[in-house]
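Chemist: See upload23.cif below, with mmCIF, C-alpha atoms.
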```cif
data_work
loop_
_atom_site.label_atom_id
_atom_site.label_comp_id
_atom_site.auth_asym_id
_atom_site.auth_seq_id
_atom_site.Cartn_x
_atom_site.Cartn_y
_atom_site.Cartn_z
CA MET P 281 -100.88 -20.58 -103.58
CA ASN P 282 -104.44 -20.21 -102.25
CA GLN P 283 -106.03 -22.82 -104.53
CA LYS P 284 -103.51 -25.50 -103.61
CA LEU P 285 -103.96 -24.70 -99.92
CA TRP P 286 -107.76 -24.87 -100.26
CA GLU P 287 -107.55 -28.28 -101.95
CA ILE P 288 -105.38 -29.62 -99.14
CA VAL P 289 -107.59 -28.21 -96.39
CA GLN P 290 -110.66 -29.75 -98.05
CA GLU P 291 -108.87 -33.06 -98.38
CA PHE P 292 -108.39 -33.16 -94.62
CA ALA P 293 -111.67 -31.49 -93.69
CA GLY P 294 -114.30 -33.54 -91.93
CA GLY P 295 -112.29 -35.29 -89.30
CA ILE P 296 -110.08 -37.64 -91.28
CA GLN P 297 -107.26 -38.66 -88.99
CA ILE P 298 -104.10 -36.90 -90.04
CA ASN P 299 -100.61 -38.05 -89.47
CA SER P 300 -97.63 -35.83 -90.11
CA THR P 301 -96.42 -37.90 -93.07
CA GLU P 302 -99.72 -37.57 -94.93
CA LEU P 303 -99.79 -33.85 -94.27
CA ALA P 304 -96.21 -33.47 -95.45
CA VAL P 305 -96.93 -35.35 -98.69
CA ALA P 306 -100.08 -33.31 -99.38
CA GLY P 307 -98.37 -30.04 -98.58
CA ALA P 308 -95.25 -30.72 -100.64
CA GLY P 309 -96.06 -28.05 -103.22
CA LEU P 310 -96.74 -25.32 -100.70
CA ASP P 311 -94.51 -22.44 -99.78
CA SER P 312 -92.70 -23.33 -96.52
CA ASP P 313 -94.26 -20.34 -94.69
CA VAL P 314 -97.74 -21.53 -95.67
CA TYR P 315 -96.99 -25.16 -94.84
CA SER P 316 -95.83 -24.32 -91.32
CA VAL P 317 -99.11 -22.51 -90.60
CA LEU P 318 -101.10 -25.35 -92.18
CA GLU P 319 -99.33 -27.86 -89.96
CA GLU P 320 -99.81 -25.67 -86.88
CA THR P 321 -103.53 -25.16 -87.57
CA ILE P 322 -104.69 -28.46 -89.00
CA GLY P 323 -102.15 -30.89 -87.57
CA LYS P 324 -102.90 -29.93 -83.95
CA GLU P 325 -106.61 -29.49 -84.35
CA LYS P 326 -107.69 -32.62 -86.16
CA LYS P 327 -107.13 -35.82 -84.31
CA GLY P 328 -110.17 -37.62 -85.58
CA ASN P 329 -112.56 -35.95 -83.15
CA ILE P 330 -114.80 -34.20 -85.64
CA SER P 331 -117.33 -36.36 -87.42
CA ALA P 332 -117.15 -36.27 -91.20
CA ILE P 333 -119.56 -33.94 -92.94
CA GLN P 334 -122.60 -35.68 -94.36
CA TRP P 335 -122.51 -34.47 -97.96
CA ALA P 336 -126.05 -34.79 -99.27
CA MET X 221 -97.20 0.35 -65.78
CA THR X 222 -95.88 -1.24 -68.99
CA LYS X 223 -94.77 0.81 -71.99
CA ARG X 224 -97.94 -0.30 -73.76
CA ASP X 225 -100.16 0.76 -70.83
CA LEU X 226 -98.43 4.13 -70.86
CA VAL X 227 -99.08 4.67 -74.58
CA ARG X 228 -102.73 3.66 -74.19
CA GLU X 229 -103.17 5.96 -71.21
CA LYS X 230 -101.64 8.94 -73.04
CA ILE X 231 -104.04 8.46 -75.95
CA ARG X 232 -107.01 8.09 -73.59
CA GLN X 233 -106.10 11.27 -71.73
CA PHE X 234 -105.73 13.15 -75.00
CA ILE X 235 -109.16 12.01 -76.20
CA LYS X 236 -110.81 12.94 -72.91
CA ALA X 237 -109.22 16.39 -72.90
CA TYR X 238 -110.06 16.93 -76.57
CA LEU X 239 -113.70 15.96 -76.10
CA HIS X 240 -113.97 18.44 -73.24
CA GLN X 241 -112.57 21.27 -75.33
CA CYS X 242 -114.89 20.50 -78.26
CA ASP X 243 -118.17 22.30 -78.23
CA LEU X 244 -120.16 19.07 -77.86
CA ASN X 245 -123.07 18.54 -75.51
CA HIS X 246 -122.88 16.20 -72.55
CA GLU X 247 -124.96 13.47 -74.21
CA THR X 248 -122.74 13.35 -77.31
CA MET X 249 -119.59 13.14 -75.18
CA LYS X 250 -121.16 10.38 -73.12
CA HIS X 251 -122.07 8.41 -76.26
CA ILE X 252 -118.57 8.75 -77.72
CA SER X 253 -116.96 7.63 -74.46
CA SER X 254 -119.33 4.71 -74.23
CA LEU X 255 -118.58 3.60 -77.81
CA LEU X 256 -114.85 3.86 -77.13
CA MET X 257 -115.29 1.29 -74.36
CA LEU X 258 -116.58 -1.35 -76.75
CA LYS X 259 -114.55 -4.41 -77.69
CA GLY X 260 -111.35 -3.47 -79.52
CA LYS X 261 -111.61 0.23 -78.64
CA ILE X 262 -109.11 2.38 -76.82
CA PHE X 263 -111.04 2.85 -73.54
CA ASN X 264 -111.55 -0.91 -73.22
CA ASP X 265 -108.96 -2.42 -70.86
CA ASP X 266 -109.21 -5.85 -72.47
CA ALA X 267 -108.61 -4.67 -76.05
CA VAL X 268 -105.66 -6.49 -77.60
CA PHE X 269 -105.64 -4.47 -80.84
CA THR X 270 -106.79 -0.88 -81.11
CA TRP X 271 -106.38 1.33 -84.14
CA ALA X 272 -105.07 4.22 -82.05
CA GLU X 273 -102.20 2.13 -80.72
CA PHE X 274 -101.57 0.64 -84.14
CA ASN X 275 -101.12 4.17 -85.51
CA TYR X 276 -98.88 5.11 -82.57
CA TYR X 277 -96.49 2.21 -83.18
CA VAL X 278 -96.48 2.73 -86.95
CA SER X 279 -95.75 6.42 -86.44
CA SER X 280 -92.87 5.61 -84.08
CA ILE X 281 -91.00 3.59 -86.71
CA PHE X 282 -90.79 6.65 -88.93
CA ASP X 283 -90.10 9.33 -86.34
CA ASP X 284 -89.81 8.58 -82.64
CA GLY X 285 -88.52 12.02 -81.65
CA SER X 286 -89.99 13.33 -78.41
CA ASP X 287 -90.87 16.63 -80.12
CA ARG X 288 -93.34 14.70 -82.27
CA GLU X 289 -95.00 12.92 -79.35
CA THR X 290 -98.01 15.25 -79.06
CA ALA X 291 -98.69 15.02 -82.79
CA ARG X 292 -98.32 11.24 -82.65
CA ILE X 293 -100.83 10.96 -79.80
CA ALA X 294 -103.24 13.40 -81.49
CA CYS X 295 -103.13 11.54 -84.82
CA SER X 296 -103.59 8.22 -83.01
CA ALA X 297 -106.72 9.64 -81.38
CA ALA X 298 -107.84 10.82 -84.82
CA VAL X 299 -107.38 7.34 -86.32
CA GLU X 300 -109.42 5.84 -83.46
CA GLY X 301 -112.16 8.38 -84.24
CA LEU X 302 -112.09 7.67 -87.99
CA ILE X 303 -112.39 3.93 -87.46
CA LEU X 304 -115.23 4.37 -84.97
CA ALA X 305 -117.01 6.60 -87.50
CA THR X 306 -116.73 3.89 -90.16
CA ASP X 307 -117.75 1.16 -87.67
CA ILE X 308 -120.96 3.05 -86.97
CA LEU X 309 -121.72 3.32 -90.69
CA ASP X 310 -120.89 -0.37 -91.07
CA ASP X 311 -123.44 -1.36 -88.44
CA LEU X 312 -126.03 0.95 -90.01
CA THR X 313 -125.54 -0.39 -93.53
CA ASP X 314 -125.38 -4.01 -92.32
CA GLN X 315 -128.61 -3.37 -90.40
CA ASP X 316 -127.21 -5.00 -87.29
CA PRO X 317 -129.78 -3.88 -84.69
CA ASN X 318 -128.27 -6.29 -82.18
CA GLY X 319 -124.74 -5.05 -82.81
CA ASP X 320 -122.78 -3.35 -80.05
CA ILE X 321 -123.30 0.10 -81.50
CA LEU X 322 -126.97 0.18 -82.44
CA THR X 323 -128.06 -1.22 -79.09
CA LYS X 324 -126.66 1.98 -77.56
CA LEU X 325 -127.87 4.52 -80.12
CA SER X 326 -130.88 5.35 -82.25
CA GLN X 327 -130.24 5.44 -86.01
CA SER X 328 -130.33 9.24 -86.10
CA GLN X 329 -127.91 9.47 -83.18
CA ALA X 330 -125.63 6.98 -84.92
CA VAL X 331 -125.53 8.97 -88.17
CA THR X 332 -124.88 12.21 -86.30
CA LEU X 333 -122.14 10.71 -84.13
CA SER X 334 -120.43 9.19 -87.14
CA SER X 335 -120.41 12.58 -88.81
CA VAL X 336 -119.04 14.33 -85.69
CA LEU X 337 -116.30 11.73 -85.28
CA LEU X 338 -115.31 11.99 -88.92
CA MET X 339 -115.12 15.79 -88.86
CA GLU X 340 -113.27 16.03 -85.54
CA SER X 341 -110.77 13.36 -86.61
CA LEU X 342 -110.04 15.12 -89.89
CA HIS X 343 -109.70 18.39 -87.97
CA LEU X 344 -107.10 16.80 -85.69
CA ILE X 345 -105.11 15.50 -88.65
CA ASP X 346 -105.32 18.93 -90.26
CA GLN X 347 -103.98 20.48 -87.05
CA TYR X 348 -101.16 18.02 -86.37
CA ASN X 349 -100.18 16.45 -89.69
CA LYS X 350 -101.59 18.67 -92.42
CA HIS X 351 -99.40 17.42 -95.26
CA ALA X 352 -100.82 13.89 -94.88
CA LEU X 353 -104.43 15.02 -95.16
CA PRO X 354 -104.78 14.44 -98.95
CA SER X 355 -103.53 10.85 -98.58
CA VAL X 356 -105.91 10.24 -95.68
CA MET X 357 -108.83 11.67 -97.68
CA ASN X 358 -107.88 9.50 -100.64
CA GLN X 359 -107.93 6.30 -98.56
CA LEU X 360 -111.23 7.29 -96.93
CA ARG X 361 -112.72 7.80 -100.39
CA ARG X 362 -111.54 4.33 -101.38
CA ALA X 363 -113.05 2.86 -98.21
CA ALA X 364 -116.35 4.64 -98.95
CA ARG X 365 -116.38 3.20 -102.49
CA GLY X 366 -115.77 -0.21 -100.96
CA GLN X 367 -118.74 0.29 -98.64
CA VAL X 368 -120.96 1.05 -101.64
CA LEU X 369 -119.87 -2.17 -103.37
CA ASP X 370 -120.24 -4.12 -100.15
CA LEU X 371 -123.95 -3.29 -100.04
CA SER X 372 -124.60 -5.62 -102.94
CA PHE X 373 -121.77 -8.08 -102.28
CA THR X 374 -124.07 -11.01 -101.63
CA PHE X 375 -124.71 -14.44 -103.13
CA ARG X 376 -127.24 -14.08 -105.94
CA PRO X 377 -128.18 -16.52 -108.70
CA GLU X 378 -126.80 -14.13 -111.34
CA HIS X 379 -123.53 -13.55 -109.48
CA MET X 380 -121.76 -15.80 -107.00
CA PRO X 381 -118.69 -13.83 -105.83
CA ASN X 382 -115.41 -15.74 -105.71
CA GLU X 383 -112.19 -15.34 -103.73
CA GLU X 384 -110.72 -12.86 -106.21
CA ASP X 385 -113.83 -10.67 -105.98
CA TYR X 386 -113.52 -10.77 -102.19
CA PHE X 387 -109.92 -9.57 -102.18
CA ASN X 388 -110.76 -6.82 -104.67
CA LEU X 389 -113.55 -5.65 -102.38
CA ILE X 390 -111.57 -5.71 -99.13
CA SER X 391 -108.72 -3.90 -100.85
CA LEU X 392 -111.13 -0.97 -101.01
CA LYS X 393 -113.34 -1.46 -97.96
CA SER X 394 -110.82 -2.48 -95.31
CA VAL X 395 -107.23 -2.44 -96.54
CA SER X 396 -107.68 1.27 -97.35
CA LEU X 397 -107.80 1.84 -93.60
CA THR X 398 -104.48 0.11 -92.88
CA ARG X 399 -102.98 1.98 -95.85
CA LEU X 400 -104.37 5.18 -94.36
CA VAL X 401 -102.36 4.57 -91.17
CA PHE X 402 -99.10 4.06 -93.09
CA GLN X 403 -99.72 7.00 -95.42
CA LEU X 404 -100.55 9.25 -92.48
CA ASN X 405 -97.06 8.61 -91.19
CA GLN X 406 -94.91 8.00 -94.23
CA GLN X 407 -94.91 9.35 -97.75
CA GLU X 408 -91.81 7.50 -99.02
CA ASP X 409 -91.04 3.86 -99.92
CA TYR X 410 -94.66 3.71 -100.97
CA LEU X 411 -94.59 0.24 -102.50
CA PHE X 412 -92.94 -1.45 -99.52
CA TRP X 413 -95.31 0.05 -96.94
CA ASP X 414 -98.29 -0.53 -99.20
CA GLN X 415 -97.45 -4.24 -99.23
CA VAL X 416 -97.10 -4.35 -95.45
CA ALA X 417 -100.40 -2.49 -95.03
CA THR X 418 -102.16 -4.82 -97.49
CA LEU X 419 -100.95 -7.95 -95.68
CA ILE X 420 -102.01 -6.61 -92.28
CA GLY X 421 -105.37 -5.44 -93.65
CA ASN X 422 -106.09 -8.76 -95.37
CA SER X 423 -105.22 -10.68 -92.24
CA GLY X 424 -107.43 -8.54 -90.00
CA GLN X 425 -110.45 -8.56 -92.33
CA ILE X 426 -110.37 -12.33 -92.83
CA ARG X 427 -110.14 -12.83 -89.08
CA ASN X 428 -113.12 -10.50 -88.52
CA ASP X 429 -115.12 -12.39 -91.13
CA ILE X 430 -114.37 -15.72 -89.39
CA ASN X 431 -115.50 -14.30 -86.03
CA ASP X 432 -118.68 -12.84 -87.54
CA ILE X 433 -119.82 -16.28 -88.73
CA PHE X 434 -120.19 -17.35 -85.09
CA ASN X 435 -121.47 -14.01 -83.76
CA ASP X 436 -125.22 -13.74 -83.21
CA THR X 437 -125.08 -9.93 -83.41
CA LYS X 438 -123.84 -10.12 -87.02
CA ASN X 439 -126.06 -10.73 -90.01
CA ASP X 440 -123.58 -12.17 -92.53
CA ILE X 441 -125.37 -15.53 -92.84
CA ILE X 442 -128.90 -14.10 -92.82
CA GLU X 443 -128.01 -11.39 -95.36
CA ASN X 444 -126.11 -13.92 -97.54
CA LYS X 445 -123.00 -11.72 -97.38
CA ALA X 446 -120.14 -13.00 -99.51
CA THR X 447 -117.38 -13.08 -96.90
CA LEU X 448 -114.42 -15.38 -97.51
CA PRO X 449 -115.49 -18.18 -95.12
CA LEU X 450 -118.91 -18.25 -96.80
CA ILE X 451 -117.43 -18.06 -100.32
CA LYS X 452 -115.23 -21.10 -99.64
CA ALA X 453 -118.00 -23.08 -97.91
CA MET X 454 -120.29 -22.21 -100.84
CA GLU X 455 -117.68 -23.48 -103.33
CA ALA X 456 -117.51 -26.78 -101.45
CA SER X 457 -121.28 -27.00 -101.34
CA GLN X 458 -121.66 -26.23 -105.06
CA SER X 459 -119.29 -29.02 -106.05
CA LYS X 460 -120.44 -31.63 -103.55
CA ASP X 461 -124.11 -31.30 -102.73
CA GLY X 462 -125.84 -29.08 -105.26
CA ASN X 463 -125.88 -25.85 -103.26
CA TRP X 464 -127.31 -27.20 -100.01
CA LEU X 465 -125.65 -24.33 -98.14
CA LEU X 466 -127.14 -21.55 -100.26
CA ASN X 467 -130.60 -23.05 -99.99
CA GLN X 468 -130.28 -23.29 -96.21
CA MET X 469 -128.96 -19.74 -95.91
CA ARG X 470 -131.87 -18.43 -97.95
CA SER X 471 -134.30 -20.10 -95.61
CA VAL X 472 -132.98 -18.29 -92.52
CA HIS X 473 -134.68 -14.95 -91.97
CA SER X 474 -134.02 -14.20 -88.33
CA ILE X 475 -131.37 -14.61 -85.69
CA LYS X 476 -134.05 -16.39 -83.68
CA ASP X 477 -133.79 -19.36 -86.04
CA GLN X 478 -130.98 -20.77 -83.93
CA GLY X 479 -131.48 -24.38 -84.97
CA LYS X 480 -130.77 -23.68 -88.62
CA LEU X 481 -127.97 -21.26 -87.82
CA LYS X 482 -126.25 -23.91 -85.72
CA MET X 483 -126.55 -26.41 -88.55
CA ILE X 484 -125.18 -23.91 -91.09
CA ARG X 485 -122.28 -22.95 -88.83
CA GLU X 486 -121.35 -26.60 -88.31
CA TYR X 487 -121.49 -27.18 -92.04
CA ILE X 488 -119.19 -24.22 -92.71
CA GLN X 489 -116.76 -25.46 -90.09
CA LYS X 490 -116.70 -28.99 -91.46
CA SER X 491 -116.29 -27.83 -95.06
CA GLY X 492 -112.77 -26.65 -94.20
CA ALA X 493 -113.62 -23.00 -94.91
CA ILE X 494 -112.83 -21.83 -91.38
CA ASP X 495 -109.50 -23.67 -91.29
CA TYR X 496 -108.60 -22.28 -94.70
CA CYS X 497 -109.41 -18.71 -93.68
CA THR X 498 -107.62 -19.08 -90.35
CA ILE X 499 -104.50 -20.27 -92.15
CA LEU X 500 -104.65 -17.46 -94.72
CA SER X 501 -105.10 -14.83 -92.01
CA LYS X 502 -102.04 -16.14 -90.14
CA VAL X 503 -99.97 -16.44 -93.31
CA TYR X 504 -100.66 -12.81 -94.27
CA LEU X 505 -99.77 -11.54 -90.83
CA ASN X 506 -96.61 -13.66 -90.68
CA LYS X 507 -95.55 -12.25 -94.07
CA ALA X 508 -96.07 -8.68 -92.83
CA ILE X 509 -94.03 -9.39 -89.71
CA LYS X 510 -91.30 -11.03 -91.79
CA MET X 511 -91.08 -7.91 -93.97
CA LEU X 512 -90.88 -5.71 -90.86
CA LYS X 513 -88.13 -7.88 -89.38
CA GLU X 514 -86.11 -7.69 -92.59
CA TYR X 515 -86.54 -3.93 -92.65
CA GLN X 516 -85.51 -3.80 -88.98
CA GLN X 517 -82.09 -5.27 -89.79
CA THR X 518 -80.93 -2.13 -91.59
CA SER X 519 -83.13 0.40 -89.82
CA LYS X 520 -82.04 2.82 -87.11
CA LYS X 521 -85.47 2.46 -85.47
CA LYS X 522 -84.93 -1.05 -84.18
CA THR X 523 -86.77 -0.56 -80.89
CA ALA X 524 -89.74 1.11 -82.57
CA LEU X 525 -89.94 -1.74 -85.08
CA PHE X 526 -89.67 -4.26 -82.25
CA ASN X 527 -92.60 -2.55 -80.51
CA LEU X 528 -94.74 -2.61 -83.68
CA ILE X 529 -93.94 -6.29 -84.34
CA ASN X 530 -94.71 -7.12 -80.74
CA PHE X 531 -97.98 -5.20 -80.87
CA LEU X 532 -99.08 -6.98 -84.06
CA GLY X 533 -98.07 -10.36 -82.66
CA ASP X 534 -99.95 -9.71 -79.43
CA GLY X 535 -102.97 -8.36 -81.18
CA TYR X 536 -103.43 -11.01 -83.77
CA HIS X 537 -102.61 -14.28 -82.02
#
```
Now that the file is in, can you turn its structure into structure tokens?
Modeler:
Amino acid sequence: MNQKLWEIVQEFAGGIQINSTELAVAGAGLDSDVYSVLEETIGKEKKGNISAIQWA
Amino acid sequence: MTKRDLVREKIRQFIKAYLHQCDLNHETMKHISSLLMLKGKIFNDDAVFTWAEFNYYVSSIFDDGSDRETARIACSAAVEGLILATDILDDLTDQDPNGDILTKLSQSQAVTLSSVLLMESLHLIDQYNKHALPSVMNQLRRAARGQVLDLSFTFRPEHMPNEEDYFNLISLKSVSLTRLVFQLNQQEDYLFWDQVATLIGNSGQIRNDINDIFNDTKNDIIENKATLPLIKAMEASQSKDGNWLLNQMRSVHSIKDQGKLKMIREYIQKSGAIDYCTILSKVYLNKAIKMLKEYQQTSKKKTALFNLINFLGDGYH
């Protein structure tokens, strides 16, 4: 459960704009209890305001 | 006064009266009172989660009889004392000179106070709940073993701890303390309560580790401590930019290096590690609350369970 969640969080890390459909598709394999917290945490927080990390 | 205020006040009054009856000098009593006013402690009016109250509400779900009230309050005071004793040792071993505790005490005072708190707390448990003492001692031993391992739980070239290592460590270092609370109050249905205690302990420790990343009085970044947010950010850094994060962390030697610390903190945030840990912490707590709600359906202690669920919800969100 944790690895899948980590992959999804990384996918959306760095300020990529998220819409609910994309999040739902990415989170399809997650337990519903985990998905609801993911949506609550990431969905609300990331609206494209954070600039993407500059990977060296 | 709310029910919660009333519980808190009863525990405070017990602690004050107990400290007066102990043969401690004025300075020691003053130090203990002052430490119990710190963030998250029972004398602090703004504390949303205190260990004393946590014990009180856990105890109530097993036996809320009024004849047990004094013992419940006394053991809650004891738990507060045990946790404060371990917090002091934590700050000493982490060498956090800017931490809340070591700005108030010298190192020798800190060691002595920790010892006094430990002994007095065990004495209280012996007086009021003797049969649970072996379980309490067992969990304290596990926590102490965890502290030993934690000393060297850092990022080193020969060993980069991963998420599994982290959970194994906190099972000893921190979850032992939530288990202690359940075992102090209940000796049956071990597996069920152990699961609840583990979920609550995991949630609380992850949340503390997130907060410590952004706290200038904590040394986790400078000491290269392998907490979960740092482990995940390090994993991202290893795969994407050849260990930029580790190299930066190694180059920070003082809290005064605010420029680098700011850059590191932003990097950790943007790596997704903070979001990941925040989600995990919430998921673990939600699972614990779900288990308590299911238990509540067939339990006769519905109100006591409601109070515990409410307390955990209030304290963690």
Chemist: Run through the PyMOL selection byres ((chain X) within 9 of (chain P)) on the given coordinates and return the selected residues as an MDAnalysis selection string.
Modeler: chainID X and resid 452 456:457 460:462 464 486:487 489:493 495:496 498:500 502:503 506:507
Chemist: Name the residues captured by the PyMOL selection byres ((chain X and resi 406) around 10) when it is applied to the shown file; answer as an MDAnalysis selection string.
Modeler: chainID X and resid 278:279 281:283 352 400:405 407:410 413
Chemist: Step by step, work through what the PyMOL selection byres ((chain X and resi 314-323) around 9) selects in the shown file, and finish by giving those residues as a ChimeraX atom specification.
Modeler: /X:255,258-259,307-313,324-327,330,371,436-440,443
Chemist: What's the separation between atom CA of Tyr348 of chain X and atom CA of Arg232 of chain X, in Å to one decimal place?
Modeler: 17.2 Å
Chemist: Tell me, in Å to one decimal, how far atom CA of Glu289 of chain X is from atom CA of Gln347 of chain X.
Modeler: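 Spanning atom CA of Glu289 of chain X to atom CA of Gln347 of chain X is a straight-line distance of 14.0 Å.
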